[in-house]
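Okay, my_file04.csv is below, CSV, C-alpha atoms and all ligand atoms:
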```
chain,number,residue,atom,x,y,z
A,1,MET,CA,-62.4,75.1,-15.4
A,2,ASP,CA,-66.2,74.9,-15.2
A,3,ILE,CA,-67.8,72.7,-12.5
A,4,GLN,CA,-71.5,72.1,-12.5
A,5,MET,CA,-72.7,70.5,-9.3
A,6,ILE,CA,-76.1,68.9,-8.7
A,7,GLY,CA,-77.4,68.6,-5.1
A,8,ALA,CA,-77.0,71.4,-2.5
A,9,GLY,CA,-77.1,69.2,0.6
A,10,SER,CA,-74.3,68.5,3.1
A,11,LEU,CA,-71.5,67.5,0.7
A,12,GLY,CA,-72.8,69.8,-2.1
A,13,LEU,CA,-72.6,73.0,0.0
A,14,LEU,CA,-69.2,72.0,1.5
A,15,TYR,CA,-67.5,71.1,-1.8
A,16,ALA,CA,-69.2,73.9,-3.8
A,17,GLY,CA,-68.2,76.5,-1.1
A,18,LYS,CA,-64.6,75.4,-0.7
A,19,LEU,CA,-64.0,74.9,-4.4
A,20,ALA,CA,-65.4,78.4,-5.2
A,21,ALA,CA,-63.4,80.0,-2.3
A,22,SER,CA,-60.2,78.6,-3.8
A,23,GLY,CA,-61.0,80.2,-7.2
A,24,ALA,CA,-62.9,77.5,-9.1
A,25,LYS,CA,-65.9,78.4,-11.2
A,26,VAL,CA,-68.8,76.5,-9.6
A,27,THR,CA,-72.5,76.4,-10.4
A,28,LEU,CA,-74.7,74.7,-7.9
A,29,TRP,CA,-78.1,73.2,-9.0
A,30,CYS,CA,-80.5,73.0,-6.1
A,31,ARG,CA,-83.7,71.0,-5.9
A,32,SER,CA,-85.8,74.0,-4.8
A,33,ASP,CA,-86.2,77.6,-6.1
A,34,GLU,CA,-86.1,78.8,-2.5
A,35,GLN,CA,-82.7,77.3,-1.7
A,36,ALA,CA,-81.2,78.6,-5.0
A,37,ALA,CA,-82.5,82.1,-4.1
A,38,ALA,CA,-81.1,81.9,-0.6
A,39,ILE,CA,-77.6,81.0,-1.9
A,40,HIS,CA,-77.9,83.6,-4.6
A,41,SER,CA,-78.7,86.4,-2.2
A,42,SER,CA,-76.6,85.4,0.9
A,43,GLY,CA,-73.9,83.0,-0.3
A,44,ILE,CA,-72.7,79.9,1.5
A,45,THR,CA,-71.4,79.6,5.1
A,46,ILE,CA,-69.2,76.7,6.1
A,47,HIS,CA,-68.9,76.2,9.9
A,48,HIS,CA,-65.9,74.3,11.3
A,49,SER,CA,-66.1,72.1,14.3
A,50,ASP,CA,-63.6,74.3,16.2
A,51,GLY,CA,-66.1,77.2,15.9
A,52,GLY,CA,-64.5,79.0,13.0
A,53,GLU,CA,-66.3,79.7,9.7
A,54,LEU,CA,-65.7,80.4,6.1
A,55,HIS,CA,-68.2,82.7,4.3
A,56,ILE,CA,-68.5,82.5,0.6
A,57,PRO,CA,-70.1,85.8,-0.5
A,58,PRO,CA,-73.2,86.0,-2.8
A,59,GLY,CA,-72.4,85.5,-6.5
A,60,VAL,CA,-69.2,83.5,-6.0
A,61,VAL,CA,-71.1,80.2,-6.3
A,62,LYS,CA,-73.8,80.5,-9.0
A,63,ALA,CA,-77.0,78.8,-7.7
A,64,HIS,CA,-80.0,77.8,-9.8
A,65,PRO,CA,-83.0,75.5,-9.4
A,66,LEU,CA,-82.5,72.2,-11.2
A,67,SER,CA,-85.7,72.8,-13.2
A,68,GLU,CA,-83.6,75.4,-15.2
A,69,PHE,CA,-80.9,72.9,-16.1
A,70,HIS,CA,-80.2,73.1,-19.8
A,71,GLU,CA,-78.0,71.5,-22.5
A,72,GLU,CA,-75.4,74.3,-22.5
A,73,ALA,CA,-74.8,73.8,-18.8
A,74,GLY,CA,-74.0,70.1,-19.4
A,75,ALA,CA,-71.9,70.8,-22.5
A,76,ALA,CA,-70.0,73.7,-20.8
A,77,ALA,CA,-69.1,71.6,-17.8
A,78,ASP,CA,-65.6,70.2,-17.5
A,79,TYR,CA,-67.0,68.2,-14.6
A,80,LEU,CA,-70.6,67.5,-13.7
A,81,VAL,CA,-70.5,66.5,-10.0
A,82,LEU,CA,-73.4,64.6,-8.5
A,83,MET,CA,-74.0,65.3,-4.8
A,84,VAL,CA,-77.5,63.9,-4.4
A,85,LYS,CA,-78.2,60.7,-2.4
A,86,GLN,CA,-78.8,57.4,-4.2
A,87,GLN,CA,-82.5,58.0,-3.9
A,88,GLY,CA,-82.2,61.1,-6.2
A,89,ILE,CA,-80.2,59.4,-9.0
A,90,GLU,CA,-83.2,58.0,-11.0
A,91,ASP,CA,-84.8,61.5,-11.0
A,92,LEU,CA,-81.5,62.9,-12.4
A,93,VAL,CA,-81.5,60.3,-15.1
A,94,GLU,CA,-84.9,61.5,-16.2
A,95,ARG,CA,-84.3,65.2,-15.8
A,96,VAL,CA,-80.6,65.5,-16.8
A,97,PHE,CA,-79.1,62.4,-18.3
A,98,ILE,CA,-81.9,61.3,-20.8
A,99,PRO,CA,-82.3,64.8,-22.2
A,100,TYR,CA,-78.7,66.1,-22.1
A,101,GLY,CA,-76.5,63.0,-21.5
A,102,ARG,CA,-74.9,63.3,-25.0
A,103,SER,CA,-73.4,66.7,-24.1
A,104,ILE,CA,-71.9,65.6,-20.8
A,105,GLN,CA,-68.1,65.0,-20.9
A,106,ARG,CA,-67.2,63.9,-17.4
A,107,CYS,CA,-69.5,63.0,-14.5
A,108,VAL,CA,-68.1,62.6,-10.9
A,109,CYS,CA,-70.3,60.6,-8.4
A,110,PHE,CA,-69.9,61.0,-4.7
A,111,GLN,CA,-72.6,58.5,-3.6
A,112,ASN,CA,-72.1,55.8,-1.0
A,113,GLY,CA,-73.4,52.4,-2.0
A,114,THR,CA,-73.4,50.8,-5.5
A,115,GLY,CA,-75.7,50.5,-8.5
A,116,HIS,CA,-75.8,54.2,-9.6
A,117,LEU,CA,-72.6,54.1,-11.7
A,118,GLU,CA,-74.0,51.3,-14.0
A,119,LEU,CA,-77.3,53.2,-14.3
A,120,LEU,CA,-75.6,56.5,-15.2
A,121,GLN,CA,-73.3,54.9,-17.7
A,122,GLN,CA,-76.2,53.7,-19.8
A,123,HIS,CA,-77.2,57.4,-20.3
A,124,LEU,CA,-73.7,58.8,-20.9
A,125,PRO,CA,-72.9,57.5,-24.3
A,126,SER,CA,-69.6,59.4,-24.9
A,127,GLY,CA,-68.8,60.8,-21.4
A,128,ALA,CA,-66.6,59.4,-18.7
A,129,ILE,CA,-67.8,58.5,-15.2
A,130,TYR,CA,-65.7,58.8,-12.1
A,131,ALA,CA,-66.5,57.5,-8.7
A,132,ALA,CA,-65.5,59.5,-5.6
A,133,ILE,CA,-65.3,57.9,-2.2
A,134,THR,CA,-64.9,60.4,0.6
A,135,THR,CA,-64.4,60.3,4.4
A,136,GLU,CA,-65.1,64.0,4.8
A,137,GLY,CA,-67.9,64.5,7.3
A,138,ALA,CA,-70.5,67.2,6.5
A,139,LYS,CA,-74.0,68.1,7.9
A,140,ARG,CA,-76.2,70.7,6.3
A,141,ILE,CA,-77.6,73.0,9.0
A,142,GLY,CA,-79.7,75.4,6.9
A,143,PRO,CA,-80.5,76.0,3.2
A,144,ARG,CA,-77.1,77.8,2.7
A,145,GLU,CA,-75.1,76.6,5.8
A,146,VAL,CA,-73.1,73.5,6.4
A,147,LEU,CA,-71.1,72.1,9.3
A,148,HIS,CA,-67.8,70.6,8.2
A,149,ALA,CA,-67.8,68.0,11.0
A,150,GLY,CA,-64.6,66.3,10.2
A,151,SER,CA,-61.8,66.3,7.5
A,152,GLY,CA,-61.0,63.1,5.7
A,153,THR,CA,-59.7,61.9,2.4
A,154,THR,CA,-61.3,61.6,-1.0
A,155,THR,CA,-60.3,59.0,-3.6
A,156,ILE,CA,-61.4,59.4,-7.2
A,157,GLY,CA,-61.0,57.0,-10.0
A,158,PRO,CA,-62.5,56.2,-13.4
A,159,TYR,CA,-65.4,53.8,-13.6
A,160,ASN,CA,-65.9,51.5,-16.5
A,161,THR,CA,-67.8,48.2,-16.8
A,162,GLU,CA,-64.7,46.3,-18.0
A,163,GLY,CA,-62.9,47.2,-14.8
A,164,MET,CA,-65.7,45.9,-12.5
A,165,PRO,CA,-64.4,43.3,-10.0
A,166,GLU,CA,-66.6,40.7,-11.6
A,167,SER,CA,-65.0,41.1,-15.0
A,168,GLY,CA,-61.6,40.2,-13.5
A,169,GLN,CA,-59.9,43.2,-15.3
A,170,LYS,CA,-58.4,46.3,-13.8
A,171,SER,CA,-59.9,49.7,-14.3
A,172,ALA,CA,-58.6,51.3,-17.5
A,173,SER,CA,-56.1,54.1,-17.1
A,174,ARG,CA,-57.0,56.1,-20.2
A,175,GLU,CA,-58.9,58.8,-18.4
A,176,ILE,CA,-56.5,59.3,-15.6
A,177,SER,CA,-54.4,62.0,-17.2
A,178,ASP,CA,-57.6,63.9,-17.6
A,179,ILE,CA,-58.6,64.2,-14.0
A,180,ARG,CA,-57.6,67.8,-13.3
A,181,LEU,CA,-60.3,67.8,-10.7
A,182,ILE,CA,-57.9,66.2,-8.3
A,183,GLU,CA,-55.7,69.3,-8.4
A,184,LEU,CA,-58.6,71.6,-7.9
A,185,LEU,CA,-59.9,69.6,-4.9
A,186,ASN,CA,-56.5,69.6,-3.3
A,187,ARG,CA,-56.1,73.3,-3.9
A,188,ALA,CA,-59.5,73.8,-2.2
A,189,GLY,CA,-58.2,71.9,0.9
A,190,PHE,CA,-59.6,68.4,0.3
A,191,LYS,CA,-57.0,65.7,0.5
A,192,THR,CA,-57.7,63.9,-2.7
A,193,TYR,CA,-56.0,61.0,-4.4
A,194,LEU,CA,-56.4,59.4,-7.8
A,195,SER,CA,-56.9,55.7,-8.0
A,196,ASN,CA,-57.0,53.3,-10.9
A,197,GLU,CA,-58.4,50.7,-8.5
A,198,ILE,CA,-61.4,52.6,-7.4
A,199,TYR,CA,-63.4,49.4,-7.0
A,200,THR,CA,-61.4,48.5,-3.9
A,201,ALA,CA,-62.3,51.8,-2.3
A,202,ILE,CA,-66.0,51.5,-3.4
A,203,TYR,CA,-66.4,48.0,-1.9
A,204,ARG,CA,-64.4,48.8,1.2
A,205,LYS,CA,-66.7,51.7,1.9
A,206,LEU,CA,-69.7,49.6,1.0
A,207,MET,CA,-68.7,47.0,3.7
A,208,ILE,CA,-68.2,49.8,6.3
A,209,ASN,CA,-71.6,51.3,5.6
A,210,ALA,CA,-73.3,47.9,5.4
A,211,VAL,CA,-72.1,47.0,8.9
A,212,ILE,CA,-72.4,50.3,10.7
A,213,ASN,CA,-75.3,52.2,9.2
A,214,PRO,CA,-78.4,49.9,9.5
A,215,LEU,CA,-77.5,48.9,13.1
A,216,THR,CA,-77.0,52.5,14.3
A,217,ALA,CA,-80.3,53.4,12.5
A,218,LEU,CA,-82.3,50.5,14.1
A,219,TRP,CA,-80.8,51.0,17.6
A,220,ARG,CA,-80.7,54.8,17.3
A,221,ILE,CA,-77.2,55.0,18.7
A,222,PRO,CA,-74.1,57.0,17.6
A,223,ASN,CA,-71.4,55.0,15.7
A,224,GLY,CA,-69.2,54.5,18.8
A,225,ALA,CA,-71.9,52.9,20.9
A,226,LEU,CA,-71.9,49.9,18.6
A,227,LEU,CA,-68.7,48.8,20.4
A,228,ASP,CA,-70.2,49.2,23.9
A,229,ASP,CA,-71.9,45.8,24.0
A,230,PRO,CA,-70.6,42.3,23.0
A,231,MET,CA,-74.0,41.5,21.5
A,232,ARG,CA,-73.8,44.5,19.1
A,233,ILE,CA,-70.3,43.6,18.1
A,234,GLN,CA,-71.4,39.9,17.5
A,235,LEU,CA,-74.1,41.1,15.1
A,236,MET,CA,-71.7,43.4,13.3
A,237,LYS,CA,-69.3,40.5,12.9
A,238,GLU,CA,-72.1,38.2,11.5
A,239,LEU,CA,-73.0,40.9,8.9
A,240,PHE,CA,-69.3,41.3,8.1
A,241,ASP,CA,-68.8,37.5,7.6
A,242,GLU,CA,-71.9,37.2,5.5
A,243,ALA,CA,-70.8,40.1,3.2
A,244,CYS,CA,-67.2,38.5,3.0
A,245,ALA,CA,-68.7,35.3,1.7
A,246,VAL,CA,-70.5,37.3,-1.0
A,247,TYR,CA,-67.4,39.3,-1.9
A,248,ASP,CA,-65.4,36.0,-2.1
A,249,ALA,CA,-67.9,34.4,-4.4
A,250,ALA,CA,-68.0,37.6,-6.6
A,251,GLY,CA,-64.2,37.8,-6.8
A,252,ILE,CA,-64.1,41.1,-5.0
A,253,SER,CA,-60.8,41.5,-3.2
A,254,ARG,CA,-60.7,43.0,0.3
A,255,GLU,CA,-57.9,44.2,2.5
A,256,ASP,CA,-56.7,41.8,5.2
A,257,HIS,CA,-57.6,44.0,8.1
A,258,LEU,CA,-61.1,45.2,6.9
A,259,TRP,CA,-62.8,44.1,10.2
A,260,ASP,CA,-60.3,46.2,12.2
A,261,GLN,CA,-60.9,49.1,9.9
A,262,ILE,CA,-64.6,48.9,10.6
A,263,VAL,CA,-63.9,48.9,14.3
A,264,GLY,CA,-61.5,51.8,13.7
A,265,VAL,CA,-64.2,53.8,11.9
A,266,CYS,CA,-66.6,53.3,14.8
A,267,ARG,CA,-64.0,54.7,17.2
A,268,MET,CA,-62.9,57.6,15.0
A,269,THR,CA,-66.5,58.6,14.3
A,270,SER,CA,-67.8,57.6,17.8
A,271,THR,CA,-70.1,60.6,18.3
A,272,ASN,CA,-71.4,60.6,14.7
A,273,THR,CA,-75.0,60.1,13.9
A,274,SER,CA,-74.7,57.8,10.8
A,275,SER,CA,-76.3,59.1,7.6
A,276,MET,CA,-78.8,56.3,7.8
A,277,LEU,CA,-79.8,57.1,11.3
A,278,LYS,CA,-80.2,60.8,10.3
A,279,ASP,CA,-82.5,59.8,7.4
A,280,VAL,CA,-84.6,57.6,9.7
A,281,LEU,CA,-84.9,60.3,12.4
A,282,GLU,CA,-86.0,62.8,9.8
A,283,GLY,CA,-88.5,60.3,8.3
A,284,ARG,CA,-86.7,60.2,4.9
A,285,ALA,CA,-86.0,57.3,2.7
A,286,THR,CA,-82.6,55.8,3.3
A,287,GLU,CA,-79.8,54.4,1.1
A,288,ILE,CA,-80.3,50.9,2.4
A,289,SER,CA,-81.2,49.4,-1.0
A,290,TRP,CA,-77.9,50.6,-2.5
A,291,ILE,CA,-75.9,49.5,0.6
A,292,ASN,CA,-77.1,46.2,2.2
A,293,GLY,CA,-79.4,45.7,-0.8
A,294,SER,CA,-76.4,45.7,-3.1
A,295,ILE,CA,-74.7,43.0,-1.1
A,296,VAL,CA,-77.9,40.9,-1.3
A,297,ARG,CA,-78.2,41.3,-5.1
A,298,LEU,CA,-74.5,40.6,-5.6
A,299,GLY,CA,-74.9,37.4,-3.5
A,300,GLN,CA,-77.9,36.4,-5.6
A,301,ARG,CA,-75.9,36.7,-8.8
A,302,HIS,CA,-73.2,34.4,-7.4
A,303,GLY,CA,-75.4,31.9,-5.6
A,304,VAL,CA,-74.6,33.1,-2.1
A,305,ALA,CA,-77.5,34.0,0.3
A,306,ALA,CA,-77.2,37.1,2.6
A,307,PRO,CA,-80.3,36.6,4.8
A,308,LYS,CA,-79.1,39.0,7.6
A,309,HIS,CA,-78.5,41.9,5.1
A,310,GLU,CA,-81.8,41.1,3.5
A,311,LEU,CA,-83.7,41.2,6.8
A,312,LEU,CA,-82.0,44.6,7.6
A,313,CYS,CA,-83.2,46.0,4.3
A,314,ARG,CA,-86.8,45.1,5.2
A,315,LEU,CA,-86.5,46.4,8.8
A,316,ILE,CA,-85.0,49.7,7.7
A,317,GLU,CA,-87.4,50.1,4.8
A,318,GLY,CA,-90.3,49.5,7.2
A,319,THR,CA,-89.2,52.4,9.4
A,320,THR,CA,-89.8,55.1,6.7
A,321,LYS,CA,-93.0,53.7,5.1
A,401,LIG,N1,-72.6,64.0,4.3
A,401,LIG,C1,-71.5,63.3,4.4
A,401,LIG,O1,-70.6,63.5,5.3
A,401,LIG,C2,-71.1,62.2,3.4
A,401,LIG,C3,-72.0,61.8,2.4
A,401,LIG,N2,-71.7,60.8,1.5
A,401,LIG,C4,-72.6,60.4,0.5
A,401,LIG,O2,-72.8,61.5,-0.4
A,401,LIG,C5,-74.1,61.5,-0.9
A,401,LIG,C6,-74.7,62.9,-0.6
A,401,LIG,O3,-74.9,62.9,0.8
A,401,LIG,P1,-75.3,64.2,1.6
A,401,LIG,O4,-74.7,65.4,1.0
A,401,LIG,O5,-75.0,63.9,3.0
A,401,LIG,O6,-76.9,64.2,1.4
A,401,LIG,P2,-77.9,65.3,1.7
A,401,LIG,O7,-79.2,64.6,1.9
A,401,LIG,O8,-77.4,66.3,2.8
A,401,LIG,O9,-78.0,66.1,0.4
A,401,LIG,C7,-78.5,65.6,-0.8
A,401,LIG,C8,-79.0,66.8,-1.6
A,401,LIG,O10,-79.4,66.4,-2.9
A,401,LIG,C9,-80.6,67.0,-3.2
A,401,LIG,N3,-81.4,66.2,-4.0
A,401,LIG,C10,-82.0,65.0,-3.8
A,401,LIG,N4,-82.7,64.6,-4.9
A,401,LIG,C11,-82.5,65.5,-5.8
A,401,LIG,C12,-83.0,65.7,-7.1
A,401,LIG,N5,-83.7,64.7,-7.6
A,401,LIG,N6,-82.7,66.8,-7.8
A,401,LIG,C13,-82.0,67.8,-7.2
A,401,LIG,N7,-81.5,67.7,-6.0
A,401,LIG,C14,-81.8,66.6,-5.3
A,401,LIG,C15,-81.3,67.3,-1.8
A,401,LIG,O11,-82.3,68.3,-2.0
A,401,LIG,P3,-83.3,68.6,-0.8
A,401,LIG,O12,-82.5,69.3,0.2
A,401,LIG,O13,-84.3,69.5,-1.4
A,401,LIG,O14,-83.8,67.3,-0.3
A,401,LIG,C16,-80.1,67.7,-1.0
A,401,LIG,O15,-79.8,69.0,-1.2
A,401,LIG,C17,-74.8,60.3,-0.3
A,401,LIG,O16,-74.7,59.2,-1.2
A,401,LIG,C18,-74.0,60.0,0.9
A,401,LIG,O17,-74.1,58.7,1.3
A,401,LIG,C19,-70.5,60.2,1.6
A,401,LIG,C20,-69.6,60.5,2.6
A,401,LIG,C21,-69.8,61.5,3.6
A,402,LIG,C1,-68.5,56.1,7.9
A,402,LIG,C2,-69.9,56.5,8.3
A,402,LIG,C3,-70.6,55.3,9.0
A,402,LIG,C4,-69.7,57.6,9.3
A,402,LIG,O1,-70.8,58.0,10.0
A,402,LIG,C5,-70.7,56.9,7.1
A,402,LIG,O2,-70.2,56.9,6.0
A,402,LIG,C6,-72.2,57.2,7.2
A,402,LIG,O3,-72.7,57.6,8.2
A,402,LIG,O4,-72.8,57.1,6.1
```
Could you quickly redo this structure as structure tokens?
Ligand SMILES: NC(=O)C1=CN([C@@H]2O[C@H](COP(=O)(O)OP(=O)(O)OC[C@H]3O[C@@H](n4cnc5c(N)ncnc54)[C@H](OP(=O)(O)O)[C@@H]3O)[C@@H](O)[C@H]2O)C=CC1
Ligand SMILES: CC(C)(CO)C(=O)C(=O)O
Amino acid sequence: MDIQMIGAGSLGLLYAGKLAASGAKVTLWCRSDEQAAAIHSSGITIHHSDGGELHIPPGVVKAHPLSEFHEEAGAAADYLVLMVKQQGIEDLVERVFIPYGRSIQRCVCFQNGTGHLELLQQHLPSGAIYAAITTEGAKRIGPREVLHAGSGTTTIGPYNTEGMPESGQKSASREISDIRLIELLNRAGFKTYLSNEIYTAIYRKLMINAVINPLTALWRIPNGALLDDPMRIQLMKELFDEACAVYDAAGISREDHLWDQIVGVCRMTSTNTSSMLKDVLEGRATEISWINGSIVRLGQRHGVAAPKHELLCRLIEGTTK
């Protein structure tokens, strides 16, 4: 089975490394020539939080710069796995999907937030798109080194426009038998499940990220510190309630105990620096437009305002201008 993975950041190095270590054939497409050369000559090292490490020797993961991506790579891939952040998706559309989209059979997207799946589907006329929602925690600590900060679960399911919550239909099951990637990921040590209701997982994660990420990024605190102060909890709750009104208007179902789950995530990841805080601290663009911005746009389509989420978008965008 041939896996072509684009994006050699935190998740890309972790998944490419572990998949290859378990025997899968993996090619990793990096943004820079330098990173591809470093992986080519020294392999990938995965550090575990208990101090252990897994070294994947040179040559086991094939690494190339994305500028060398070509039609045969897309056509040969059983799975094209996207590990870039939302900010990188438009560039991939230009560089990979517009020129080679016709040859791609299956594309698996690990991004947080929403909006990318619709965009990619427009450029994948005959291929299938899968969404992957993961609670694995990874942090790149060098061009070829990554810390596996915490193990979680990964849920993968087929995406299609008809199955969108707003369409009122369930996700089609026709592609499910084809998802051999689930077996590969489990063999590589990632607890992975198949879902034909991937939208529930997507919107659950969207809510968690929309409540936790921007506040930790603005206050520059670890996730757990959100619970240290009643004022912080109050604002989290207001964001949650505003997003619930949008979900209800859009017909997006949510689990009964979603608020408790958000509080649980803050506790379980209490020492984490959220991905948005990391981006802000490093002066990089964030995924706010695909997280809180998605909630604002969804509300607009259904006549429900989300002014607190909208203000957060502007505040966070202002930090990296
Ligand atoms: N890290 C985590 O624990 C988790 C992450 N996620 C989600 O997974 C996605 C990836 O996150 P993460 O791995 O942390 O992000 P990182 O920023 O660590 O990695 C993104 C990688 O994509 C590369 N990239 C960006 N744009 C392009 C491009 N146009 N062409 C080629 N490569 C590109 C970056 O290259 P360069 O290094 O040159 O910038 C970088 O290597 C995000 O949507 C995130 O929200 C979800 C759950 C957990
Ligand atoms: C769940 C959470 C908030 C963990 O840090 C996350 O997904 C992120 O930081 O983006």
Exercise. List all protein, DNA and RNA residues that have an atom no more than 6 Å from any atom of ligand LIG 401 (chain A), counting only C-alpha atoms and all ligand atoms, and report them as JSON, numbers by chain.
Key: {"A": [7, 8, 9, 10, 11, 12, 30, 31, 32, 66, 83, 84, 85, 86, 88, 91, 92, 110, 111, 112, 134, 135, 136, 137, 138, 139, 140]}
Quiz item: With all atoms listed in the file as the atoms that count, which of A:Pro222, A:Gly101, A:Gly189, A:Pro214 lies nearest to Ser289 in chain A?
Solution: A:Pro214
Exercise. Using all atoms listed in the file, determine which residues lie at most 12 Å from range 262-267 of chain A, disregarding the query and same-chain residues fewer than 6 positions distant; provide the list as a ChimeraX atom specification.
Key: /A:135,152,204-213,215-216,221-228,232-233,236-237,239-240,255-256,273-274
Go ahead and write the residues just picked, C-alpha atoms, as a PDB file, in the coordinates of the input.
```pdb
ATOM      1  CA  THR A 135     -64.400  60.300   4.400  1.00  0.00           C
ATOM      2  CA  GLY A 152     -61.000  63.100   5.700  1.00  0.00           C
ATOM      3  CA  ARG A 204     -64.400  48.800   1.200  1.00  0.00           C
ATOM      4  CA  LYS A 205     -66.700  51.700   1.900  1.00  0.00           C
ATOM      5  CA  LEU A 206     -69.700  49.600   1.000  1.00  0.00           C
ATOM      6  CA  MET A 207     -68.700  47.000   3.700  1.00  0.00           C
ATOM      7  CA  ILE A 208     -68.200  49.800   6.300  1.00  0.00           C
ATOM      8  CA  ASN A 209     -71.600  51.300   5.600  1.00  0.00           C
ATOM      9  CA  ALA A 210     -73.300  47.900   5.400  1.00  0.00           C
ATOM     10  CA  VAL A 211     -72.100  47.000   8.900  1.00  0.00           C
ATOM     11  CA  ILE A 212     -72.400  50.300  10.700  1.00  0.00           C
ATOM     12  CA  ASN A 213     -75.300  52.200   9.200  1.00  0.00           C
ATOM     13  CA  LEU A 215     -77.500  48.900  13.100  1.00  0.00           C
ATOM     14  CA  THR A 216     -77.000  52.500  14.300  1.00  0.00           C
ATOM     15  CA  ILE A 221     -77.200  55.000  18.700  1.00  0.00           C
ATOM     16  CA  PRO A 222     -74.100  57.000  17.600  1.00  0.00           C
ATOM     17  CA  ASN A 223     -71.400  55.000  15.700  1.00  0.00           C
ATOM     18  CA  GLY A 224     -69.200  54.500  18.800  1.00  0.00           C
ATOM     19  CA  ALA A 225     -71.900  52.900  20.900  1.00  0.00           C
ATOM     20  CA  LEU A 226     -71.900  49.900  18.600  1.00  0.00           C
ATOM     21  CA  LEU A 227     -68.700  48.800  20.400  1.00  0.00           C
ATOM     22  CA  ASP A 228     -70.200  49.200  23.900  1.00  0.00           C
ATOM     23  CA  ARG A 232     -73.800  44.500  19.100  1.00  0.00           C
ATOM     24  CA  ILE A 233     -70.300  43.600  18.100  1.00  0.00           C
ATOM     25  CA  MET A 236     -71.700  43.400  13.300  1.00  0.00           C
ATOM     26  CA  LYS A 237     -69.300  40.500  12.900  1.00  0.00           C
ATOM     27  CA  LEU A 239     -73.000  40.900   8.900  1.00  0.00           C
ATOM     28  CA  PHE A 240     -69.300  41.300   8.100  1.00  0.00           C
ATOM     29  CA  GLU A 255     -57.900  44.200   2.500  1.00  0.00           C
ATOM     30  CA  ASP A 256     -56.700  41.800   5.200  1.00  0.00           C
ATOM     31  CA  THR A 273     -75.000  60.100  13.900  1.00  0.00           C
ATOM     32  CA  SER A 274     -74.700  57.800  10.800  1.00  0.00           C
TER      33      SER A 274
END
```
Practice problem: Quick one: everything within 9 Å of Pro99 in chain A, counting all atoms listed in the file, minus sequence neighbours fewer than 4 positions away in the same chain. Send it as a list in words. | Solution: His70, Glu71, Val93, Glu94 and Arg95 of chain A
Store the residues of this selection in a file with C-alpha atoms, as a compact mmCIF listing (two decimals), in the coordinates of the input.
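Saved file result25.txt follows:
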```txt
# COMPACT_ATOMS: atom_id res chain seq x y z
CA HIS A 70 -80.20 73.10 -19.80
CA GLU A 71 -78.00 71.50 -22.50
CA VAL A 93 -81.50 60.30 -15.10
CA GLU A 94 -84.90 61.50 -16.20
CA ARG A 95 -84.30 65.20 -15.80
```
Exercise. Kindly give the distance, in Å, that separates CA of Ser22 in chain A and CA of Ala128 in chain A, rounded to a single decimal.
Key: 25.1 Å
Quiz item: Using only C-alpha atoms, which of the listed residues (A:His48, A:Arg144, A:Arg220, A:His116) sits closest to Gln87 in chain A?
Solution: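 Among A:His48, A:Arg144, A:Arg220, A:His116, it is A:His116 that comes nearest to Gln87 in chain A.
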Quiz prompt | Two-atom distance - atom O2 of ligand LIG 402 (chain A), CA of Val81 in chain A (Å) | solution =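 Distance reported for this atom pair: 18.7 Å.
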Quiz item: Which is closer to Ser67 in chain A than all the others in A:Tyr193, A:Tyr100, A:Trp29, A:Tyr79, using all atoms listed in the file?
Solution: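 Once distances to Ser67 in chain A are computed over all atoms listed in the file, the minimum belongs to A:Trp29.
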Self-check item: Polymer residues at most 7 Å from (-70.4, 48.4, -3.1) by only C-alpha atoms, as a list of chain:residue names
Solution: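 In the file's frame, the residues around the point are A:Gly113, A:Thr114, A:Ile202, A:Tyr203, A:Leu206, A:Ile291, A:Ser294.
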Self-check item: Best match for closeness to ligand LIG 402 (chain A) among A:Pro57, A:Gly150, A:Gly17, A:Gly293, counting all atoms listed in the file
Solution: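 Using all atoms listed in the file, the shortest distance to ligand LIG 402 (chain A) belongs to A:Gly150.
Comparing the minimum interatomic distances between ligand LIG 402 (chain A) and each of A:Ala149, A:Leu311, A:Ala249, A:Ala285, counting all atoms listed in the file, we find that A:Ala149 sits nearest.
Distance-wise, CA of His302 in chain A and CA of Glu118 in chain A end up 18.2 Å apart.
Each of A:Ser126, A:Asn272, A:Gln261, A:Thr27 was checked against ligand LIG 402 (chain A) using all atoms listed in the file; the smallest atom-to-atom distance is that of A:Asn272.
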What would the list of residues within 9 Å of (-64.8, 81.8, 4.8) (file frame) look like as a PDB file with C-alpha atoms, keeping the file's coordinate frame, if all atoms listed in the file are what count?
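Contents of result07.pdb, freshly written:
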```
ATOM      1  CA  GLY A  17     -68.200  76.500  -1.100  1.00  0.00           C
ATOM      2  CA  LYS A  18     -64.600  75.400  -0.700  1.00  0.00           C
ATOM      3  CA  ALA A  21     -63.400  80.000  -2.300  1.00  0.00           C
ATOM      4  CA  ILE A  44     -72.700  79.900   1.500  1.00  0.00           C
ATOM      5  CA  THR A  45     -71.400  79.600   5.100  1.00  0.00           C
ATOM      6  CA  ILE A  46     -69.200  76.700   6.100  1.00  0.00           C
ATOM      7  CA  HIS A  47     -68.900  76.200   9.900  1.00  0.00           C
ATOM      8  CA  GLY A  52     -64.500  79.000  13.000  1.00  0.00           C
ATOM      9  CA  GLU A  53     -66.300  79.700   9.700  1.00  0.00           C
ATOM     10  CA  LEU A  54     -65.700  80.400   6.100  1.00  0.00           C
ATOM     11  CA  HIS A  55     -68.200  82.700   4.300  1.00  0.00           C
ATOM     12  CA  ILE A  56     -68.500  82.500   0.600  1.00  0.00           C
ATOM     13  CA  PRO A  57     -70.100  85.800  -0.500  1.00  0.00           C
TER      14      PRO A  57
END
```
